[in-house]
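Student: One file is attached below, entry.tsv, containing TSV, C-alpha atoms.
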```tsv
chain	number	residue	atom	x	y	z
A	1	LYS	CA	-27.00	4.25	3.69
A	2	ALA	CA	-25.28	1.09	4.94
A	3	PHE	CA	-22.28	1.26	2.62
A	4	VAL	CA	-19.95	-0.60	4.96
A	5	ARG	CA	-22.46	-3.39	5.59
A	6	THR	CA	-23.20	-3.75	1.88
A	7	ALA	CA	-19.51	-3.78	1.00
A	8	ALA	CA	-18.76	-6.39	3.66
A	9	TYR	CA	-21.61	-8.56	2.35
A	10	ASN	CA	-20.32	-8.29	-1.23
A	11	VAL	CA	-16.80	-9.24	-0.12
A	12	PHE	CA	-17.89	-12.38	1.72
A	13	ARG	CA	-20.50	-13.27	-0.90
A	14	TYR	CA	-18.53	-12.75	-4.11
A	15	HIS	CA	-14.83	-12.07	-3.49
A	16	VAL	CA	-13.55	-14.42	-0.78
A	17	GLY	CA	-11.80	-16.48	-3.46
A	18	SER	CA	-10.06	-13.37	-4.82
A	19	LEU	CA	-8.82	-12.46	-1.35
A	20	ALA	CA	-7.58	-15.99	-0.78
A	21	MET	CA	-5.87	-16.05	-4.20
A	22	GLY	CA	-3.88	-12.88	-3.49
A	23	ALA	CA	-2.89	-14.06	-0.03
A	24	ALA	CA	-1.89	-17.50	-1.37
A	25	ILE	CA	0.47	-16.00	-3.96
A	26	ILE	CA	2.29	-13.97	-1.30
A	27	ALA	CA	2.37	-16.97	1.03
A	28	ILE	CA	3.92	-19.20	-1.65
A	29	VAL	CA	6.68	-16.70	-2.42
A	30	ARG	CA	7.39	-16.19	1.27
A	31	PHE	CA	7.46	-19.98	1.84
A	32	ILE	CA	10.04	-20.34	-0.95
A	33	ARG	CA	12.14	-17.62	0.71
A	34	TYR	CA	11.99	-19.44	4.06
A	35	VAL	CA	12.98	-22.74	2.42
A	36	LEU	CA	15.93	-21.10	0.67
A	37	THR	CA	16.99	-19.48	3.95
A	38	TYR	CA	16.91	-22.88	5.66
A	39	VAL	CA	18.91	-24.48	2.85
A	40	GLU	CA	21.36	-21.57	2.86
A	41	ASN	CA	22.02	-21.99	6.58
A	42	ASN	CA	22.75	-25.69	6.06
A	43	VAL	CA	24.97	-25.06	3.04
A	44	LYS	CA	27.15	-22.57	4.93
A	45	GLU	CA	29.21	-25.48	6.18
A	46	THR	CA	30.51	-26.10	2.64
A	47	GLN	CA	32.24	-22.72	2.67
A	48	SER	CA	31.57	-22.33	-1.06
A	49	LYS	CA	31.51	-18.62	-1.86
A	50	VAL	CA	29.94	-19.16	-5.28
A	51	VAL	CA	27.00	-21.06	-3.79
A	52	MET	CA	26.53	-18.46	-1.06
A	53	VAL	CA	26.51	-15.64	-3.62
A	54	LEU	CA	23.94	-17.48	-5.70
A	55	PHE	CA	21.71	-17.91	-2.64
A	56	LYS	CA	22.01	-14.19	-1.86
A	57	VAL	CA	21.08	-13.26	-5.44
A	58	VAL	CA	18.06	-15.57	-5.43
A	59	GLN	CA	16.95	-14.25	-2.03
A	60	CYS	CA	17.24	-10.67	-3.30
A	61	CYS	CA	15.21	-11.50	-6.43
A	62	LEU	CA	12.51	-13.19	-4.37
A	63	TRP	CA	12.39	-10.22	-1.97
A	64	CYS	CA	11.91	-7.82	-4.90
A	65	MET	CA	9.32	-10.15	-6.41
A	66	GLU	CA	7.37	-10.30	-3.14
A	67	GLY	CA	7.37	-6.50	-2.88
A	68	CYS	CA	6.09	-6.13	-6.46
A	69	LEU	CA	3.41	-8.77	-5.89
A	70	ARG	CA	2.29	-7.02	-2.72
A	71	TYR	CA	1.94	-3.74	-4.61
A	72	VAL	CA	0.06	-5.35	-7.50
A	73	ASN	CA	-2.12	-7.27	-5.03
A	74	LYS	CA	-3.12	-4.09	-3.26
A	75	ASN	CA	-4.10	-2.39	-6.51
A	76	ALA	CA	-5.85	-5.56	-7.69
A	77	TYR	CA	-8.00	-5.52	-4.56
A	78	ILE	CA	-8.85	-1.90	-5.32
A	79	GLN	CA	-9.89	-2.89	-8.85
A	80	ILE	CA	-12.05	-5.65	-7.38
A	81	ALA	CA	-13.71	-3.17	-5.03
A	82	ILE	CA	-14.34	-0.64	-7.82
A	83	LEU	CA	-15.36	-2.86	-10.74
A	84	GLY	CA	-16.20	-6.22	-9.13
A	85	ARG	CA	-13.76	-8.25	-11.25
A	86	ASN	CA	-12.17	-11.57	-10.37
A	87	PHE	CA	-8.61	-11.60	-9.07
A	88	CYS	CA	-6.74	-12.47	-12.27
A	89	SER	CA	-8.46	-9.89	-14.47
A	90	ALA	CA	-8.22	-7.31	-11.67
A	91	ALA	CA	-4.49	-7.94	-11.24
A	92	GLN	CA	-3.96	-7.61	-15.00
A	93	ALA	CA	-6.00	-4.41	-15.13
A	94	ALA	CA	-4.15	-3.00	-12.13
A	95	PHE	CA	-0.75	-3.79	-13.67
A	96	PHE	CA	-1.52	-2.09	-16.98
A	97	LEU	CA	-3.20	0.80	-15.16
A	98	ILE	CA	0.03	1.39	-13.23
A	99	MET	CA	2.06	1.17	-16.45
A	100	ARG	CA	-0.17	3.72	-18.21
A	101	ASN	CA	-0.06	6.14	-15.27
A	102	ALA	CA	3.38	5.43	-13.82
A	103	VAL	CA	4.14	9.09	-13.11
A	104	ARG	CA	0.90	9.62	-11.20
A	105	PHE	CA	1.44	6.51	-9.09
A	106	ALA	CA	5.07	7.44	-8.45
A	107	VAL	CA	4.17	10.97	-7.31
A	108	LEU	CA	1.33	9.69	-5.14
A	109	GLY	CA	3.59	7.00	-3.70
A	110	PHE	CA	6.28	9.50	-2.73
A	111	PHE	CA	3.99	12.08	-1.16
A	112	GLY	CA	1.90	9.33	0.42
A	113	TRP	CA	5.05	7.92	2.02
A	114	VAL	CA	5.94	11.38	3.35
A	115	MET	CA	2.45	11.88	4.76
A	116	ARG	CA	2.46	8.43	6.36
A	117	LEU	CA	5.81	9.15	7.97
A	118	ILE	CA	4.63	12.50	9.31
A	119	GLY	CA	1.35	11.02	10.53
A	120	LEU	CA	3.04	8.08	12.22
A	121	ALA	CA	5.59	10.32	13.92
A	122	THR	CA	2.83	12.67	15.09
A	123	ILE	CA	0.78	9.82	16.57
A	124	VAL	CA	3.75	8.27	18.39
A	125	VAL	CA	5.11	11.57	19.72
A	126	ALA	CA	1.70	12.85	20.82
A	127	THR	CA	0.88	9.56	22.57
A	128	ALA	CA	4.25	9.41	24.31
A	129	PHE	CA	4.04	13.02	25.45
A	130	THR	CA	0.47	12.64	26.71
A	131	GLY	CA	1.34	9.42	28.53
A	132	PHE	CA	4.37	11.02	30.17
A	133	VAL	CA	2.33	14.01	31.36
A	134	LEU	CA	-0.35	11.73	32.79
A	135	LEU	CA	2.21	9.56	34.58
A	136	GLU	CA	3.90	12.59	36.10
A	137	SER	CA	0.59	14.03	37.24
A	138	LEU	CA	-0.54	10.73	38.81
A	139	ASP	CA	2.65	9.73	40.63
A	140	PRO	CA	6.00	11.46	39.94
A	141	THR	CA	7.88	8.82	41.93
A	142	ILE	CA	7.07	6.00	39.47
A	143	SER	CA	9.73	5.29	36.84
A	144	PRO	CA	8.23	6.17	33.42
A	145	ILE	CA	10.55	3.94	31.37
A	146	VAL	CA	8.42	0.79	31.12
A	147	PRO	CA	5.09	2.62	30.63
A	148	MET	CA	6.68	4.89	28.01
A	149	VAL	CA	8.00	1.88	26.09
A	150	LEU	CA	4.50	0.39	26.10
A	151	PHE	CA	2.97	3.72	25.05
A	152	VAL	CA	5.36	4.04	22.12
A	153	LEU	CA	4.88	0.40	21.07
A	154	PHE	CA	1.07	0.54	21.06
A	155	ALA	CA	1.09	3.99	19.46
A	156	TYR	CA	3.33	2.67	16.68
A	157	ILE	CA	1.02	-0.31	16.04
A	158	VAL	CA	-2.11	1.85	16.00
A	159	GLY	CA	-0.39	4.54	13.92
A	160	CYS	CA	0.75	2.02	11.30
A	161	SER	CA	-2.77	0.59	11.05
A	162	PHE	CA	-4.35	4.02	10.73
A	163	MET	CA	-1.85	5.35	8.18
A	164	ASN	CA	-2.13	2.17	6.09
A	165	ILE	CA	-5.85	2.85	5.81
A	166	TYR	CA	-5.03	6.41	4.77
A	167	ALA	CA	-2.60	5.16	2.09
A	168	LEU	CA	-5.13	2.65	0.77
A	169	SER	CA	-7.79	5.38	0.61
A	170	ALA	CA	-5.45	7.65	-1.36
A	171	ASP	CA	-4.63	4.86	-3.85
A	172	THR	CA	-8.33	4.05	-4.21
A	173	MET	CA	-9.23	7.66	-4.94
A	174	LEU	CA	-6.48	7.88	-7.57
A	175	GLN	CA	-7.76	4.75	-9.30
A	176	CYS	CA	-11.32	6.08	-9.17
A	177	VAL	CA	-10.23	9.32	-10.84
A	178	ILE	CA	-8.26	7.46	-13.53
A	179	ALA	CA	-11.13	5.03	-14.12
A	180	SER	CA	-13.58	7.91	-14.55
A	181	GLU	CA	-11.20	9.48	-17.09
A	182	GLU	CA	-10.67	6.31	-19.11
A	183	MET	CA	-14.34	5.31	-19.02
A	184	LYS	CA	-15.30	8.91	-19.92
A	185	LEU	CA	-18.04	9.00	-17.32
A	186	PRO	CA	-20.24	12.11	-17.27
A	187	ASP	CA	-19.91	14.50	-14.37
A	188	GLU	CA	-23.37	13.57	-13.13
A	189	ALA	CA	-22.33	9.93	-12.62
A	190	ILE	CA	-19.47	10.58	-10.20
A	191	PRO	CA	-19.14	12.50	-6.90
A	192	GLN	CA	-18.40	16.22	-7.08
A	193	LYS	CA	-15.00	15.83	-5.38
A	194	PHE	CA	-13.91	13.37	-8.07
A	195	VAL	CA	-15.12	15.79	-10.73
A	196	GLU	CA	-12.89	18.47	-9.26
A	197	LEU	CA	-9.92	16.08	-9.05
A	198	ARG	CA	-10.45	14.92	-12.62
A	199	SER	CA	-10.69	18.50	-13.90
A	200	TYR	CA	-7.52	19.41	-12.02
A	201	ALA	CA	-5.69	16.38	-13.44
A	202	GLU	CA	-6.84	17.17	-16.98
A	203	ASP	CA	-5.74	20.80	-16.62
A	204	ARG	CA	-2.31	19.71	-15.41
A	205	THR	CA	-1.99	17.21	-18.28
A	206	ASN	CA	-3.06	19.74	-20.91
A	207	GLY	CA	-0.78	22.35	-19.40
A	208	GLY	CA	2.18	19.96	-19.51
A	209	LYS	CA	1.47	19.11	-23.16
A	210	ALA	CA	1.22	22.80	-24.06
A	211	VAL	CA	4.57	23.53	-22.43
A	212	ALA	CA	6.16	20.57	-24.24
A	213	ASN	CA	4.79	21.71	-27.59
A	214	ALA	CA	5.98	25.27	-26.99
A	215	THR	CA	9.44	23.98	-26.11
A	216	ARG	CA	9.66	21.96	-29.33
A	217	GLU	CA	8.62	25.00	-31.38
```
Give the structure from this file in structure tokens form.
Tutor:
Amino acid sequence: KAFVRTAAYNVFRYHVGSLAMGAAIIAIVRFIRYVLTYVENNVKETQSKVVMVLFKVVQCCLWCMEGCLRYVNKNAYIQIAILGRNFCSAAQAAFFLIMRNAVRFAVLGFFGWVMRLIGLATIVVATAFTGFVLLESLDPTISPIVPMVLFVLFAYIVGCSFMNIYALSADTMLQCVIASEEMKLPDEAIPQKFVELRSYAEDRTNGGKAVANATRE
């Protein structure tokens, strides 16, 4: 079945506004940061430490805000893909979904970061090693410095793109599992792999509650 073609059609037919809304929010926050940076550079001539500290605090707050908005945006887009909501309701649903399942998202975020780091390092190292072997086999007299720098640069770009897709897929699967739990979908309505993941998650949750109850007793 043409899942990719159908999904692309649905995005451009129904959700272009949602994509633009999420991008506009990030762009506005980043524009404010750039304006504050410009003003801060001009105010440096006043040599006022209080003003400079205030600018640093505001810049830090805006940086944290941009990071949080990026994370909520990503999960909002996942909600849009799963349930077909508009951006505002999807962002709200994603925020409360994260709050209700903070431990799951934290664990997935940590192990996902580790896997992305390992995957990126593997891609870069493997590409650099293969490129070096090919250069040596073609012409050992050529200096490998410039080609190796290019190999590492392009491998890093491709590796980041690939591992970002992996991270987005992992987040999407987690939200699908949680959605199937909260909506209480029957096993026949969801893929078998999600059934197994949901059963595993329920067993872990019930096991944790049993241990907690035994500890209290």
Student: Under the rule that only C-alpha atoms are counted, which of A:Lys184, A:Arg70, A:Arg5, A:His15 is the nearest residue to Phe87 (chain A)?
Tutor: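 Closest to Phe87 (chain A), using only C-alpha atoms: A:His15.
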Student: Determine, counting all atoms listed in the file, which protein, DNA and RNA residues have an atom within 10 Å of an atom of Phe55 (chain A); residues of the same chain fewer than 2 positions away are not included. Present the result as a ChimeraX atom specification.
Tutor: /A:36-37,39-40,43,49-53,57-61
Student: Applying 12 Å and all atoms listed in the file, which residues near Gly112 (chain A) remain after dropping the ones on its own chain fewer than 6 positions away? List them as number ranges by chain.
Tutor: A: 104-106, 118-120, 163-171, 174
Student: Pull C-alpha atoms from the residues just selected and write them as a PDB file, keeping the file's coordinate frame.
Tutor:
```pdb
ATOM      1  CA  ARG A 104       0.900   9.620 -11.200  1.00  0.00           C
ATOM      2  CA  PHE A 105       1.440   6.510  -9.090  1.00  0.00           C
ATOM      3  CA  ALA A 106       5.070   7.440  -8.450  1.00  0.00           C
ATOM      4  CA  ILE A 118       4.630  12.500   9.310  1.00  0.00           C
ATOM      5  CA  GLY A 119       1.350  11.020  10.530  1.00  0.00           C
ATOM      6  CA  LEU A 120       3.040   8.080  12.220  1.00  0.00           C
ATOM      7  CA  MET A 163      -1.850   5.350   8.180  1.00  0.00           C
ATOM      8  CA  ASN A 164      -2.130   2.170   6.090  1.00  0.00           C
ATOM      9  CA  ILE A 165      -5.850   2.850   5.810  1.00  0.00           C
ATOM     10  CA  TYR A 166      -5.030   6.410   4.770  1.00  0.00           C
ATOM     11  CA  ALA A 167      -2.600   5.160   2.090  1.00  0.00           C
ATOM     12  CA  LEU A 168      -5.130   2.650   0.770  1.00  0.00           C
ATOM     13  CA  SER A 169      -7.790   5.380   0.610  1.00  0.00           C
ATOM     14  CA  ALA A 170      -5.450   7.650  -1.360  1.00  0.00           C
ATOM     15  CA  ASP A 171      -4.630   4.860  -3.850  1.00  0.00           C
ATOM     16  CA  LEU A 174      -6.480   7.880  -7.570  1.00  0.00           C
TER      17      LEU A 174
END
```
Student: I'd like the interatomic distance between CA of Leu150 (chain A) and CA of Ala128 (chain A), to a tenth of an Å.
Tutor: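 Between CA of Leu150 (chain A) and CA of Ala128 (chain A) the gap works out to 9.2 Å.
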Student: When distances are computed from only C-alpha atoms, which of A:Ala76, A:Ala20, A:Val152, A:Leu134 shows the smallest separation from Ile98 (chain A)?
Tutor: A:Ala76
Student: List every protein, DNA or RNA residue that has at least one atom no more than 10 Å from (6.4, -13.2, 1.1) in the file's coordinates, counting only C-alpha atoms, and write the result as a VMD selection string.
Tutor: chain A and resid 23 to 34 62 to 67 69 to 70
Student: Quick one: of A:Val133, A:Cys160, A:Met173, A:Leu54, who's nearest to Arg116 (chain A), counting all atoms listed in the file?
Tutor: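 Closest candidate: A:Cys160.
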Student: Go ahead and compute the interatomic distance for CA of Pro147 (chain A) and CA of Phe162 (chain A), in Å to one decimal.
Tutor: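 It comes out at 22.1 Å.
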Student: Give the centre and edge lengths of an axis-aligned box, in Å to one decimal, that holds all listed atoms of region 87-100 of chain A with 5 Å on each side, as JSON.
Tutor:
```
{"center_x": -3.3, "center_y": -4.4, "center_z": -13.6, "size_x": 20.7, "size_y": 26.2, "size_z": 19.1}
```
Student: CA of Trp113 (chain A) and CA of Phe129 (chain A) are how many Å apart?
Tutor: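 Distance between the two atoms: 24.0 Å.
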Student: Filtering to all heavy atoms, could region 48-60 of chain A of the supplied structure be written out as a short mmCIF file (atom, residue, chain, number, x, y, z; two decimals), in the first residue's frame?
Tutor:
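Result file is selection-v9.cif:
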```cif
data_model
loop_
_atom_site.label_atom_id
_atom_site.label_comp_id
_atom_site.auth_asym_id
_atom_site.auth_seq_id
_atom_site.Cartn_x
_atom_site.Cartn_y
_atom_site.Cartn_z
N SER A 48 27.58 48.60 32.11
CA SER A 48 26.72 48.37 33.26
C SER A 48 26.59 46.87 33.51
O SER A 48 26.02 46.15 32.69
CB SER A 48 25.33 48.99 33.01
OG SER A 48 24.46 48.68 34.08
N LYS A 49 27.12 46.41 34.63
CA LYS A 49 27.11 44.98 34.92
C LYS A 49 25.70 44.46 35.18
O LYS A 49 25.36 43.33 34.83
CB LYS A 49 28.00 44.69 36.11
CG LYS A 49 29.48 44.94 35.84
CD LYS A 49 30.32 44.54 37.04
CE LYS A 49 31.81 44.75 36.74
NZ LYS A 49 32.67 44.36 37.89
N VAL A 50 24.87 45.31 35.80
CA VAL A 50 23.49 44.89 36.10
C VAL A 50 22.73 44.63 34.80
O VAL A 50 22.03 43.63 34.65
CB VAL A 50 22.79 45.97 36.94
CG1 VAL A 50 21.32 45.58 37.17
CG2 VAL A 50 23.50 46.14 38.27
N VAL A 51 22.86 45.55 33.85
CA VAL A 51 22.17 45.39 32.56
C VAL A 51 22.68 44.15 31.83
O VAL A 51 21.89 43.39 31.26
CB VAL A 51 22.37 46.65 31.70
CG1 VAL A 51 21.77 46.45 30.31
CG2 VAL A 51 21.73 47.86 32.38
N MET A 52 24.00 43.92 31.86
CA MET A 52 24.55 42.77 31.17
C MET A 52 24.07 41.47 31.79
O MET A 52 23.76 40.50 31.09
CB MET A 52 26.09 42.84 31.20
CG MET A 52 26.67 44.04 30.47
SD MET A 52 26.11 44.18 28.75
CE MET A 52 26.75 42.65 28.09
N VAL A 53 23.97 41.44 33.12
CA VAL A 53 23.47 40.24 33.80
C VAL A 53 22.01 40.00 33.44
O VAL A 53 21.59 38.85 33.20
CB VAL A 53 23.65 40.38 35.33
CG1 VAL A 53 22.90 39.26 36.05
CG2 VAL A 53 25.11 40.35 35.70
N LEU A 54 21.22 41.06 33.38
CA LEU A 54 19.82 40.91 33.00
C LEU A 54 19.69 40.36 31.58
O LEU A 54 18.84 39.49 31.31
CB LEU A 54 19.11 42.26 33.10
CG LEU A 54 18.84 42.78 34.52
CD1 LEU A 54 18.22 44.16 34.48
CD2 LEU A 54 17.95 41.81 35.29
N PHE A 55 20.52 40.84 30.66
CA PHE A 55 20.49 40.32 29.29
C PHE A 55 20.84 38.84 29.27
O PHE A 55 20.22 38.05 28.54
CB PHE A 55 21.44 41.11 28.40
CG PHE A 55 20.81 42.32 27.77
CD1 PHE A 55 21.18 43.60 28.16
CD2 PHE A 55 19.86 42.18 26.77
CE1 PHE A 55 20.60 44.72 27.57
CE2 PHE A 55 19.28 43.29 26.18
CZ PHE A 55 19.65 44.56 26.58
N LYS A 56 21.85 38.44 30.05
CA LYS A 56 22.26 37.04 30.09
C LYS A 56 21.13 36.17 30.64
O LYS A 56 20.88 35.06 30.14
CB LYS A 56 23.51 36.87 30.94
CG LYS A 56 24.75 37.56 30.39
CD LYS A 56 25.16 36.97 29.06
CE LYS A 56 26.44 37.62 28.55
NZ LYS A 56 26.82 37.10 27.20
N VAL A 57 20.44 36.65 31.67
CA VAL A 57 19.34 35.88 32.26
C VAL A 57 18.21 35.72 31.25
O VAL A 57 17.65 34.62 31.08
CB VAL A 57 18.83 36.57 33.54
CG1 VAL A 57 17.55 35.92 34.04
CG2 VAL A 57 19.90 36.52 34.62
N VAL A 58 17.86 36.81 30.57
CA VAL A 58 16.78 36.74 29.57
C VAL A 58 17.17 35.81 28.42
O VAL A 58 16.35 35.02 27.94
CB VAL A 58 16.45 38.15 29.05
CG1 VAL A 58 15.43 38.08 27.91
CG2 VAL A 58 15.90 39.01 30.18
N GLN A 59 18.42 35.90 27.97
CA GLN A 59 18.89 35.02 26.90
C GLN A 59 18.80 33.56 27.32
O GLN A 59 18.40 32.69 26.54
CB GLN A 59 20.33 35.36 26.51
CG GLN A 59 20.46 36.65 25.72
CD GLN A 59 20.19 36.45 24.24
OE1 GLN A 59 19.53 35.50 23.84
NE2 GLN A 59 20.73 37.32 23.42
N CYS A 60 19.19 33.27 28.57
CA CYS A 60 19.13 31.90 29.07
C CYS A 60 17.68 31.41 29.12
O CYS A 60 17.39 30.27 28.73
CB CYS A 60 19.78 31.83 30.45
SG CYS A 60 19.79 30.17 31.18
#
```
